[in-house]
Every structure is written in C-alpha cells, then in structure tokens.
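Participant: The file below is final11.tsv, TSV, C-alpha atoms and all ligand atoms:
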```
chain	number	residue	atom	x	y	z
A	4	MET	CA	9.38	11.13	28.56
A	5	ALA	CA	9.92	13.56	25.67
A	6	ALA	CA	12.34	11.10	24.04
A	7	LEU	CA	9.85	8.27	24.40
A	8	TYR	CA	7.09	10.36	22.87
A	9	GLY	CA	9.43	11.34	20.04
A	10	THR	CA	10.19	7.67	19.34
A	11	TYR	CA	6.50	6.83	19.30
A	12	LYS	CA	5.77	9.63	16.86
A	13	LEU	CA	8.68	8.61	14.64
A	14	MET	CA	7.58	4.96	14.62
A	15	ASN	CA	4.06	5.89	13.47
A	16	SER	CA	4.77	8.89	11.25
A	17	ARG	CA	3.37	8.60	7.72
A	18	THR	CA	5.53	11.42	6.41
A	19	TYR	CA	8.94	11.20	8.04
A	20	GLN	CA	11.69	8.67	8.56
A	21	VAL	CA	15.34	9.00	9.46
A	22	PHE	CA	16.92	7.47	6.33
A	23	GLY	CA	15.93	7.23	2.67
A	24	THR	CA	12.88	8.29	0.73
A	25	LEU	CA	9.44	8.09	2.32
A	26	ILE	CA	6.46	9.15	0.24
A	27	ALA	CA	2.91	9.71	1.48
A	28	ARG	CA	1.76	11.80	-1.50
A	29	VAL	CA	3.31	13.69	-4.42
A	30	ASP	CA	3.09	17.33	-5.44
A	31	THR	CA	1.28	17.71	-8.75
A	32	ASP	CA	-1.39	20.02	-10.16
A	33	GLU	CA	-2.71	17.23	-12.37
A	34	LYS	CA	-5.68	15.32	-10.99
A	35	LEU	CA	-3.75	12.08	-10.66
A	36	ILE	CA	-4.18	9.69	-7.74
A	37	ALA	CA	-2.96	6.22	-6.79
A	38	LEU	CA	-5.31	3.70	-5.27
A	39	THR	CA	-3.49	1.18	-3.08
A	40	PHE	CA	-4.54	-1.96	-1.20
A	41	ASP	CA	-2.67	-3.73	1.59
A	42	ASP	CA	-2.41	-7.38	2.61
A	43	ALA	CA	-2.99	-9.07	-0.77
A	44	PRO	CA	-3.65	-11.68	-2.01
A	45	THR	CA	-6.58	-13.33	-0.22
A	46	VAL	CA	-9.81	-15.05	-1.30
A	47	TYR	CA	-11.38	-11.58	-1.60
A	48	THR	CA	-8.84	-10.27	-4.10
A	49	ASP	CA	-10.56	-11.61	-7.24
A	50	GLU	CA	-13.68	-9.62	-6.44
A	51	VAL	CA	-11.61	-6.42	-6.24
A	52	LEU	CA	-9.76	-7.30	-9.47
A	53	ASP	CA	-13.12	-7.60	-11.23
A	54	VAL	CA	-14.17	-4.13	-10.03
A	55	LEU	CA	-10.92	-2.60	-11.32
A	56	LYS	CA	-11.19	-4.42	-14.64
A	57	GLN	CA	-14.78	-3.31	-15.22
A	58	ARG	CA	-13.74	0.28	-14.60
A	59	GLN	CA	-10.46	-0.07	-16.50
A	60	ILE	CA	-8.24	1.43	-13.83
A	61	PRO	CA	-5.01	0.17	-12.28
A	62	ALA	CA	-4.20	-0.04	-8.57
A	63	THR	CA	-1.12	-0.89	-6.55
A	64	PHE	CA	-1.31	-4.02	-4.41
A	65	TYR	CA	1.00	-4.30	-1.38
A	66	VAL	CA	1.45	-8.05	-1.07
A	67	ILE	CA	2.50	-10.27	1.83
A	68	GLY	CA	4.98	-12.99	0.82
A	69	GLN	CA	3.20	-15.70	2.81
A	70	GLN	CA	-0.05	-14.85	1.05
A	71	ILE	CA	1.55	-15.17	-2.42
A	72	GLU	CA	2.55	-18.70	-1.43
A	73	LYS	CA	-1.08	-19.43	-0.50
A	74	TYR	CA	-2.68	-17.77	-3.53
A	75	PRO	CA	-0.11	-17.86	-6.36
A	76	ASP	CA	-2.72	-17.73	-9.14
A	77	THR	CA	-4.32	-14.63	-7.66
A	78	ALA	CA	-0.90	-12.97	-7.45
A	79	LYS	CA	-0.41	-13.69	-11.14
A	80	ARG	CA	-3.83	-12.30	-11.99
A	81	ILE	CA	-3.03	-9.03	-10.19
A	82	ILE	CA	-0.06	-8.66	-12.52
A	83	THR	CA	-1.62	-9.83	-15.82
A	84	ASN	CA	-4.51	-7.39	-15.26
A	85	GLY	CA	-1.98	-4.54	-15.43
A	86	ASN	CA	-1.71	-3.60	-11.76
A	87	GLU	CA	1.41	-2.71	-9.82
A	88	ILE	CA	2.82	-4.84	-7.01
A	89	GLY	CA	4.55	-3.54	-3.91
A	90	ASN	CA	6.27	-5.39	-1.06
A	91	HIS	CA	4.45	-5.49	2.31
A	92	SER	CA	6.89	-7.95	4.02
A	93	TYR	CA	6.83	-11.74	4.21
A	94	SER	CA	4.99	-12.34	7.49
A	95	HIS	CA	3.45	-8.93	8.32
A	96	GLN	CA	5.18	-8.40	11.65
A	97	ARG	CA	5.87	-4.94	12.99
A	98	MET	CA	9.36	-4.11	11.76
A	99	ILE	CA	10.65	-2.29	14.80
A	100	PHE	CA	13.36	-3.57	17.13
A	101	LYS	CA	14.20	-6.27	14.58
A	102	SER	CA	17.65	-7.37	13.34
A	103	GLN	CA	18.96	-6.47	9.88
A	104	SER	CA	18.93	-10.17	8.95
A	105	PHE	CA	15.25	-10.46	9.91
A	106	ILE	CA	14.45	-7.38	7.82
A	107	ASP	CA	16.57	-8.70	4.94
A	108	THR	CA	14.73	-12.05	4.88
A	109	GLU	CA	11.30	-10.42	5.11
A	110	ILE	CA	11.99	-8.13	2.16
A	111	GLN	CA	14.15	-10.31	-0.10
A	112	LYS	CA	11.98	-13.41	0.20
A	113	THR	CA	8.92	-11.37	-0.76
A	114	ASN	CA	10.72	-9.64	-3.65
A	115	ASP	CA	11.72	-13.10	-4.95
A	116	LEU	CA	8.10	-14.31	-4.75
A	117	ILE	CA	6.91	-11.18	-6.58
A	118	ARG	CA	9.42	-11.80	-9.39
A	119	GLU	CA	8.50	-15.51	-9.56
A	120	ALA	CA	4.86	-14.45	-10.04
A	121	GLY	CA	6.02	-12.60	-13.15
A	122	TYR	CA	6.19	-8.96	-12.06
A	123	GLU	CA	8.91	-6.92	-13.77
A	124	GLY	CA	8.35	-3.33	-12.62
A	125	ASP	CA	9.85	-1.33	-9.75
A	126	ILE	CA	9.01	-2.70	-6.31
A	127	THR	CA	8.32	-0.15	-3.58
A	128	PHE	CA	7.81	-1.11	0.07
A	129	ARG	CA	5.10	-0.34	2.59
A	130	PRO	CA	5.87	-1.33	6.20
A	131	PRO	CA	3.29	-3.49	8.01
A	132	ASN	CA	1.08	-1.06	9.98
A	133	CYS	CA	3.33	1.71	8.58
A	134	LYS	CA	5.67	1.14	11.55
A	135	LYS	CA	9.38	1.80	11.24
A	136	LEU	CA	12.17	3.30	13.35
A	137	PHE	CA	15.82	3.04	12.42
A	138	GLY	CA	16.66	-0.49	11.27
A	139	LEU	CA	14.05	-0.71	8.52
A	140	PRO	CA	14.63	2.76	6.96
A	141	TRP	CA	18.39	2.09	7.08
A	142	TYR	CA	17.99	-1.20	5.22
A	143	LEU	CA	15.61	0.30	2.64
A	144	SER	CA	17.78	3.31	1.93
A	145	LYS	CA	20.90	1.10	1.63
A	146	HIS	CA	19.07	-1.02	-0.96
A	147	ASN	CA	17.51	1.96	-2.73
A	148	ILE	CA	13.95	0.85	-2.01
A	149	LYS	CA	11.35	3.61	-1.68
A	150	THR	CA	8.99	3.56	1.31
A	151	ILE	CA	5.40	4.35	0.39
A	152	THR	CA	2.95	5.30	3.12
A	153	VAL	CA	-0.39	6.96	2.66
A	154	ASP	CA	-2.12	10.30	2.34
A	155	VAL	CA	-5.80	9.26	2.51
A	156	GLU	CA	-6.69	6.39	4.84
A	157	PRO	CA	-10.37	6.23	5.81
A	158	ASP	CA	-9.80	3.15	7.91
A	159	THR	CA	-11.98	3.06	10.98
A	160	TYR	CA	-12.90	-0.28	12.46
A	161	GLY	CA	-16.55	-1.15	11.95
A	162	ALA	CA	-17.32	1.86	9.72
A	163	SER	CA	-19.98	1.66	7.00
A	164	ALA	CA	-19.45	1.72	3.23
A	165	ASP	CA	-20.90	5.25	3.21
A	166	PHE	CA	-18.27	6.38	5.71
A	167	PHE	CA	-15.47	5.03	3.50
A	168	VAL	CA	-16.91	6.68	0.40
A	169	ASP	CA	-17.50	10.08	2.07
A	170	ASN	CA	-14.13	10.25	3.80
A	171	THR	CA	-12.11	9.11	0.82
A	172	ILE	CA	-13.71	11.73	-1.41
A	173	LYS	CA	-13.40	14.45	1.24
A	174	TYR	CA	-9.63	14.08	1.72
A	175	THR	CA	-8.43	13.13	-1.77
A	176	LYS	CA	-6.50	15.81	-3.66
A	177	PRO	CA	-4.22	15.80	-6.73
A	178	GLY	CA	-1.23	13.55	-5.94
A	179	SER	CA	-2.94	11.58	-3.16
A	180	ILE	CA	-2.05	7.99	-2.31
A	181	ILE	CA	-5.24	6.34	-1.08
A	182	LEU	CA	-5.21	3.20	1.08
A	183	LEU	CA	-8.07	0.75	1.42
A	184	HIS	CA	-8.12	-2.64	3.14
A	185	PRO	CA	-10.64	-4.68	1.13
A	186	PHE	CA	-9.07	-8.12	1.58
A	187	CYS	CA	-9.98	-9.30	5.07
A	188	GLU	CA	-13.03	-11.33	5.98
A	189	THR	CA	-14.54	-8.50	8.01
A	190	CYS	CA	-13.75	-5.83	5.39
A	191	GLY	CA	-17.00	-6.22	3.44
A	192	GLU	CA	-17.91	-2.56	3.85
A	193	GLN	CA	-14.67	-1.47	2.19
A	194	ARG	CA	-15.32	-3.89	-0.68
A	195	LYS	CA	-18.81	-2.44	-1.02
A	196	ALA	CA	-17.39	1.10	-0.98
A	197	LEU	CA	-14.72	0.49	-3.62
A	198	PRO	CA	-16.78	0.81	-6.84
A	199	LEU	CA	-18.59	3.85	-5.40
A	200	ILE	CA	-15.28	5.52	-4.52
A	201	ILE	CA	-13.86	4.90	-7.99
A	202	ASP	CA	-16.96	6.20	-9.76
A	203	ALA	CA	-17.19	9.32	-7.57
A	204	LEU	CA	-13.52	10.23	-8.02
A	205	LYS	CA	-13.71	9.64	-11.77
A	206	GLN	CA	-16.70	11.95	-11.88
A	207	LYS	CA	-14.63	14.61	-10.10
A	208	GLY	CA	-12.13	14.35	-12.94
A	209	TYR	CA	-9.44	12.21	-11.28
A	210	THR	CA	-7.33	9.75	-13.23
A	211	PHE	CA	-6.09	6.62	-11.47
A	212	VAL	CA	-2.43	5.70	-11.94
A	213	THR	CA	-0.04	3.26	-10.25
A	214	VAL	CA	2.27	4.40	-7.44
A	215	SER	CA	5.29	4.32	-9.80
A	216	GLU	CA	3.50	6.45	-12.38
A	217	LEU	CA	2.51	8.92	-9.68
A	218	LEU	CA	6.10	9.13	-8.43
A	219	GLN	CA	7.33	9.89	-11.95
A	220	LYS	CA	4.76	12.66	-12.32
A	221	GLY	CA	5.79	14.12	-8.98
A	222	GLY	CA	9.46	14.08	-9.98
A	223	VAL	CA	10.45	11.46	-7.38
A	224	GLN	CA	13.35	9.49	-8.85
A	301	ZN	ZN	-0.84	-4.62	6.31
```
So, in terms of structure tokens, how does the structure I just supplied come out?
Facilitator:
Amino acid sequence: MAALYGTYKLMNSRTYQVFGTLIARVDTDEKLIALTFDDAPTVYTDEVLDVLKQRQIPATFYVIGQQIEKYPDTAKRIITNGNEIGNHSYSHQRMIFKSQSFIDTEIQKTNDLIREAGYEGDITFRPPNCKKLFGLPWYLSKHNIKTITVDVEPDTYGASADFFVDNTIKYTKPGSIILLHPFCETCGEQRKALPLIIDALKQKGYTFVTVSELLQKGGVQ
C-alpha cells in the first residue's frame, strides 16, 4: 500500500522526478514570472496571441504535435510574435507505463514539427497532465531535455474568470511559472481572465519573461 501511494505521488508530483532536471519555479528576488499555456494551437489561440501582443508580453506555449499539423499557420504566428515554444507531446497521452520507443516518437516528432514551424530556441518539455514515472524522466535526462511543470495553476473545472484572476494573483511570487488553459472550447472563463491577470500582475510590478529567460535568471543551466 505504501509503495503504491508512493508511486501515485511520484507520478503526479510537480516538483520531483527520479532522473534529470524538473523545474516548477525558479529562485530569484527579481519580480520575474513566466506565463505558460498548454495544448496549443487551437482555434482559440489567435485570440490569446492578440491579448499578448496588445500588452507586449511574451508567453511560453506548450504545443501538441498533432495540433501543429492541424493549425500550422497559428503555430508560426506564435513564433513570429516572439513567444517561446515548448513540447507537450505528439498525441497528449499520459506518458506512464509507455515504451521508450513510444516516448521517443512522441517527443521527436513534435520537436521536428516545432522546428519546421520555424522555432530556433531551446525546447523544454511539459508532460501531458504533468504525469511521469521512470521511463519519461529517463528519456528526457538522457537527451538533456528539461522538464517544466508549474508553480501556480488556478485550474478548477467550471470556475469563473474572477476565480482565475484572484487565485493567480494570490499565489504568484517572484520566479513563478504560471499555467493557464485558455485553448479549449469550454475554457472561455480562462480566456476572459487572461487580460485581467496580465494587467493586475503588471500593476504589482511583475515583468513577464519566457521560460528559458526565467531559467537563465534562476541559474538553471
Ligand atoms: Zn495538456
């Protein structure tokens, strides 16, 4: 029973994995934060890109390979607007109890699609549903790919825009990695919350940077 519970905790932990580098936030006294979005691109991504552009801030988009194939122009727009791209697997399956060849295909195919879209920066990885045990961390550490999870995640099903705004502001601190899910059909409240969150955090003196910039500031090589 204890072993089973331990495995469950390990699989879901945002701050620990057995191999390699896993980052949920960085230590810095500067008021720097990284805004991240999962499951891009979709038909709702342009709306989010407009909000970022109006406010002149970058974000980091964790993309699904299959979705790049469906929305290649949107993927390109994410990049040309100056945002960072991260890998969120090819088909968004839970990457536990999977073979190394499955993991390899999911990650490499998506990296190839990201490069084809024109992205030249470092590519970090965020596991679908943040789930990982041994096989995935082993693969990522062998290939020197950093795993990025999350520090602030106000994601409660059916919550209002106000809830997302209040909870994001409440838990954000210098070095935080914030996760929002604004790209699904039923995620309208998160889309509504996004400009309010950005404006409120700017007012508190925070500067938005990409995940890679935040890692550099926090001394993560
Ligand atoms: Zn996801």
Participant: For CA of Leu136 in chain A and CA of Arg97 in chain A, quote the distance in Å rounded to one decimal.
Facilitator: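 Those two atoms sit 10.4 Å apart.
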Participant: So, counting all atoms listed in the file, which residue among A:Val153, A:Ile81, A:Ile172, A:Ile180 is closest to Glu216 in chain A?
Facilitator: A:Ile180
Participant: Do you know which residues are within 9 Å of ligand ZN 301 (chain A) using only C-alpha atoms and all ligand atoms? Can you write them as a PDB file with C-alpha atoms, in the coordinates of the input?
Facilitator:
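Result file follows (out.pdb):
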```pdb
ATOM      1  CA  PHE A  40      -4.540  -1.960  -1.200  1.00  0.00           C
ATOM      2  CA  ASP A  41      -2.670  -3.730   1.590  1.00  0.00           C
ATOM      3  CA  ASP A  42      -2.410  -7.380   2.610  1.00  0.00           C
ATOM      4  CA  ALA A  43      -2.990  -9.070  -0.770  1.00  0.00           C
ATOM      5  CA  TYR A  65       1.000  -4.300  -1.380  1.00  0.00           C
ATOM      6  CA  VAL A  66       1.450  -8.050  -1.070  1.00  0.00           C
ATOM      7  CA  ILE A  67       2.500 -10.270   1.830  1.00  0.00           C
ATOM      8  CA  HIS A  91       4.450  -5.490   2.310  1.00  0.00           C
ATOM      9  CA  SER A  92       6.890  -7.950   4.020  1.00  0.00           C
ATOM     10  CA  HIS A  95       3.450  -8.930   8.320  1.00  0.00           C
ATOM     11  CA  GLN A  96       5.180  -8.400  11.650  1.00  0.00           C
ATOM     12  CA  ARG A 129       5.100  -0.340   2.590  1.00  0.00           C
ATOM     13  CA  PRO A 130       5.870  -1.330   6.200  1.00  0.00           C
ATOM     14  CA  PRO A 131       3.290  -3.490   8.010  1.00  0.00           C
ATOM     15  CA  ASN A 132       1.080  -1.060   9.980  1.00  0.00           C
ATOM     16  CA  CYS A 133       3.330   1.710   8.580  1.00  0.00           C
ATOM     17  CA  HIS A 184      -8.120  -2.640   3.140  1.00  0.00           C
TER      18      HIS A 184
END
```
Participant: To one decimal place, how far is CA of Lys220 in chain A from CA of Gly68 in chain A in Å?
Facilitator: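 Answer for the CA of Lys220 in chain A to CA of Gly68 in chain A separation: 28.8 Å.
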Participant: Find, counting all atoms listed in the file, the residue in A:Ser102, A:Ser163, A:Thr77, A:Thr210 that gets nearest to Pro177 in chain A.
Facilitator: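 Result for the nearest residue to Pro177 in chain A: A:Thr210.
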Participant: Closest to Arg58 in chain A among A:Leu143, A:Leu199, A:Val223, A:Ala120, using only C-alpha atoms?
Facilitator: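 For Arg58 in chain A, the nearest of the given residues is A:Leu199.
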Participant: Quick one: pull the distance between CA of Thr39 in chain A and CA of Phe105 in chain A, Å, one decimal.
Facilitator: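 Atom-to-atom, CA of Thr39 in chain A to CA of Phe105 in chain A, that is 25.6 Å.
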Participant: In terms of the shortest atom-to-atom distance over all atoms listed in the file, which of A:Thr159, A:Thr108, A:Thr175, A:Ser16 is closest to Glu192 in chain A?
Facilitator: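 When distances to Glu192 in chain A are compared using all atoms listed in the file, the smallest one comes from A:Thr159.
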Participant: Can you tell me, as a ChimeraX atom specification, what residues are no more than 12 Å from Asn114 in chain A when counting only C-alpha atoms, ignoring any on the same chain fewer than 3 positions away?
Facilitator: /A:65-69,71,88-93,107-111,117-128,148
Participant: If we count only C-alpha atoms, what is near Leu35 in chain A at a cut-off of 8 Å, once residues fewer than 4 positions away on the same chain are taken out, given as a list in words?
Facilitator: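 Counting only the stated atoms, we get Thr31, Pro177, Gly178, Ser179, Tyr209, Thr210, Phe211, Val212 and Leu217 of chain A.
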Participant: Might you pull out every residue within 10 Å of Cys190 in chain A, with only C-alpha atoms counted and same-chain residues fewer than 2 positions away left off, and present them as number ranges by chain?
Facilitator: A: 47, 160-164, 183-188, 192-195
Participant: Which residue out of A:Arg28, A:Gln57, A:Thr48, A:Phe167 has the minimum interatomic distance to Gln219 in chain A when all atoms listed in the file are used?
Facilitator: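 The shortest atom-to-atom distance to Gln219 in chain A comes from A:Arg28.
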Participant: Go through range 81-106 of chain A and flag each residue having an atom no more than 12 Å from range 50-55 of chain A; for those, report the closest pair of atoms plus their distance in Å to one decimal, using all atoms listed in the file, ordered by chain and rising number, as a Markdown table.
Facilitator:
```
| residue | atom | partner | partner_atom | distance |
| --- | --- | --- | --- | --- |
| A:Ile81 | CA | A:Leu52 | CA | 7.0 |
| A:Ile82 | CA | A:Leu52 | CA | 10.3 |
| A:Thr83 | CA | A:Leu52 | CA | 10.6 |
| A:Asn84 | CA | A:Leu52 | CA | 7.8 |
| A:Gly85 | CA | A:Leu55 | CA | 10.0 |
| A:Asn86 | CA | A:Leu52 | CA | 9.2 |
```
